[in-house]
Every structure is written in structure tokens, then in C-alpha cells.
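Report on the structure given below.
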Amino acid sequence: MKYKKKLKRVADALEKMGVAGIAVALFQGKEVGPSVFFAAFMCLLVSIYLTED
């Protein structure tokens with residue numbers, strides 16, 4: 001039970017980082033945007049994977 005709560009917190013943090021990263025990628029220039037978007041998208045994918053039942 002304790003393990004699931006910690007895993008949920010990690011997944012929540014990854015989700016927040018992913019959403020914030022996508023927002024940053026949208027407003028950055030061409031140099032930074034695509035790499036930040038990719039990293040943010042990976043954070044979201046890992047978050048979804050961790051919270052699957």
C-alpha cells in the first residue's frame with residue numbers, strides 16, 4: 001500500500017513536469033522548443049505507464 005502511494009506521487013510529479021514542459025516548449029524559440037517538447041512528452045508517457053492498473 002505504501003508503495004502505491006509513493007508511485008502515485010512520482011507519477012503526479014512527472015505529469016506536472018510534462019504539462020509544464022509542453023507549455024514551455026510552445027513559447028520557446030525553434031532552438032529549444034522541440035527538445036523540451038520531447039522530454040515533456042516522455043514524462044507524460046512514463047506517468048501514464050506508472051498509473052495504469
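Just remember, in the C-alpha cells the first chain shown is A, the second B, etc., residues are 1-based per chain, and ligands are 1-based in the order shown.
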
>> Taking only chain A into account, list the residues labelled helix (DSSP H, G or I) by DSSP (computed from the backbone), as a ChimeraX atom specification.
In response: /A:2-27,33-51

Can I get the selected residues back with N, CA and C atoms, as a tab-separated table (two decimals), in the first residue's frame?
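The result, stored in again07.tsv:
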```
chain	number	residue	atom	x	y	z
A	2	LYS	N	1.89	1.29	0.82
A	2	LYS	CA	2.78	2.43	0.89
A	2	LYS	C	3.48	2.65	-0.45
A	3	TYR	N	3.81	1.54	-1.09
A	3	TYR	CA	4.49	1.59	-2.39
A	3	TYR	C	3.62	2.27	-3.44
A	4	LYS	N	2.32	1.97	-3.44
A	4	LYS	CA	1.41	2.56	-4.43
A	4	LYS	C	1.27	4.06	-4.23
A	5	LYS	N	1.24	4.52	-2.97
A	5	LYS	CA	1.13	5.96	-2.71
A	5	LYS	C	2.36	6.70	-3.21
A	6	LYS	N	3.54	6.14	-2.97
A	6	LYS	CA	4.77	6.78	-3.43
A	6	LYS	C	4.83	6.78	-4.95
A	7	LEU	N	4.43	5.70	-5.56
A	7	LEU	CA	4.43	5.61	-7.02
A	7	LEU	C	3.46	6.63	-7.62
A	8	LYS	N	2.33	6.81	-6.98
A	8	LYS	CA	1.34	7.78	-7.44
A	8	LYS	C	1.91	9.19	-7.35
A	9	ARG	N	2.64	9.48	-6.28
A	9	ARG	CA	3.24	10.81	-6.13
A	9	ARG	C	4.29	11.06	-7.21
A	10	VAL	N	5.07	10.04	-7.52
A	10	VAL	CA	6.08	10.18	-8.58
A	10	VAL	C	5.39	10.41	-9.92
A	11	ALA	N	4.33	9.65	-10.18
A	11	ALA	CA	3.59	9.81	-11.43
A	11	ALA	C	2.96	11.20	-11.52
A	12	ASP	N	2.44	11.71	-10.41
A	12	ASP	CA	1.87	13.06	-10.40
A	12	ASP	C	2.92	14.11	-10.70
A	13	ALA	N	4.10	13.95	-10.11
A	13	ALA	CA	5.19	14.90	-10.36
A	13	ALA	C	5.61	14.86	-11.83
A	14	LEU	N	5.71	13.67	-12.40
A	14	LEU	CA	6.06	13.54	-13.81
A	14	LEU	C	5.01	14.18	-14.71
A	15	GLU	N	3.75	14.02	-14.33
A	15	GLU	CA	2.67	14.61	-15.12
A	15	GLU	C	2.76	16.14	-15.09
A	16	LYS	N	3.02	16.70	-13.91
A	16	LYS	CA	3.15	18.16	-13.80
A	16	LYS	C	4.35	18.67	-14.60
A	17	MET	N	5.45	17.93	-14.53
A	17	MET	CA	6.63	18.33	-15.31
A	17	MET	C	6.33	18.25	-16.80
A	18	GLY	N	5.59	17.24	-17.20
A	18	GLY	CA	5.24	17.08	-18.61
A	18	GLY	C	4.38	18.21	-19.12
A	19	VAL	N	3.36	18.57	-18.35
A	19	VAL	CA	2.46	19.65	-18.77
A	19	VAL	C	3.21	20.98	-18.80
A	20	ALA	N	4.02	21.23	-17.78
A	20	ALA	CA	4.80	22.47	-17.74
A	20	ALA	C	5.81	22.51	-18.89
A	21	GLY	N	6.41	21.37	-19.19
A	21	GLY	CA	7.38	21.30	-20.28
A	21	GLY	C	6.74	21.58	-21.63
A	22	ILE	N	5.55	21.07	-21.83
A	22	ILE	CA	4.85	21.33	-23.10
A	22	ILE	C	4.51	22.82	-23.21
A	23	ALA	N	4.10	23.42	-22.10
A	23	ALA	CA	3.80	24.86	-22.11
A	23	ALA	C	5.06	25.66	-22.44
A	24	VAL	N	6.19	25.29	-21.85
A	24	VAL	CA	7.45	25.98	-22.13
A	24	VAL	C	7.84	25.79	-23.59
A	25	ALA	N	7.68	24.58	-24.09
A	25	ALA	CA	8.06	24.28	-25.48
A	25	ALA	C	7.25	25.10	-26.47
A	26	LEU	N	5.99	25.35	-26.14
A	26	LEU	CA	5.15	26.12	-27.05
A	26	LEU	C	5.59	27.58	-27.16
A	27	PHE	N	6.16	28.11	-26.08
A	27	PHE	CA	6.50	29.53	-26.06
A	27	PHE	C	7.99	29.80	-26.26
A	33	GLY	N	12.50	24.56	-28.26
A	33	GLY	CA	11.15	24.00	-28.26
A	33	GLY	C	11.02	22.51	-28.52
A	34	PRO	N	11.56	21.98	-29.61
A	34	PRO	CA	11.37	20.55	-29.91
A	34	PRO	C	11.96	19.61	-28.87
A	35	SER	N	13.14	19.93	-28.35
A	35	SER	CA	13.75	19.03	-27.36
A	35	SER	C	13.00	19.06	-26.04
A	36	VAL	N	12.53	20.24	-25.64
A	36	VAL	CA	11.75	20.34	-24.41
A	36	VAL	C	10.42	19.62	-24.59
A	37	PHE	N	9.80	19.78	-25.75
A	37	PHE	CA	8.54	19.09	-26.01
A	37	PHE	C	8.72	17.58	-25.95
A	38	PHE	N	9.81	17.08	-26.52
A	38	PHE	CA	10.06	15.64	-26.49
A	38	PHE	C	10.25	15.14	-25.06
A	39	ALA	N	11.03	15.85	-24.27
A	39	ALA	CA	11.26	15.46	-22.87
A	39	ALA	C	9.94	15.50	-22.08
A	40	ALA	N	9.13	16.52	-22.31
A	40	ALA	CA	7.85	16.64	-21.62
A	40	ALA	C	6.91	15.50	-22.03
A	41	PHE	N	6.91	15.17	-23.30
A	41	PHE	CA	6.06	14.08	-23.78
A	41	PHE	C	6.49	12.75	-23.17
A	42	MET	N	7.79	12.54	-23.01
A	42	MET	CA	8.29	11.32	-22.37
A	42	MET	C	7.86	11.27	-20.91
A	43	CYS	N	7.90	12.41	-20.22
A	43	CYS	CA	7.43	12.46	-18.82
A	43	CYS	C	5.96	12.06	-18.74
A	44	LEU	N	5.16	12.56	-19.66
A	44	LEU	CA	3.74	12.20	-19.66
A	44	LEU	C	3.54	10.72	-19.94
A	45	LEU	N	4.30	10.17	-20.87
A	45	LEU	CA	4.16	8.74	-21.17
A	45	LEU	C	4.54	7.87	-19.97
A	46	VAL	N	5.62	8.22	-19.29
A	46	VAL	CA	6.03	7.46	-18.10
A	46	VAL	C	4.98	7.60	-17.01
A	47	SER	N	4.42	8.77	-16.86
A	47	SER	CA	3.37	8.99	-15.87
A	47	SER	C	2.16	8.10	-16.15
A	48	ILE	N	1.75	8.06	-17.40
A	48	ILE	CA	0.61	7.21	-17.78
A	48	ILE	C	0.94	5.75	-17.52
A	49	TYR	N	2.15	5.34	-17.85
A	49	TYR	CA	2.56	3.94	-17.66
A	49	TYR	C	2.55	3.58	-16.17
A	50	LEU	N	3.02	4.48	-15.32
A	50	LEU	CA	3.09	4.18	-13.89
A	50	LEU	C	1.72	4.11	-13.24
A	51	THR	N	0.74	4.82	-13.77
A	51	THR	CA	-0.57	4.86	-13.14
A	51	THR	C	-1.56	3.88	-13.76
```
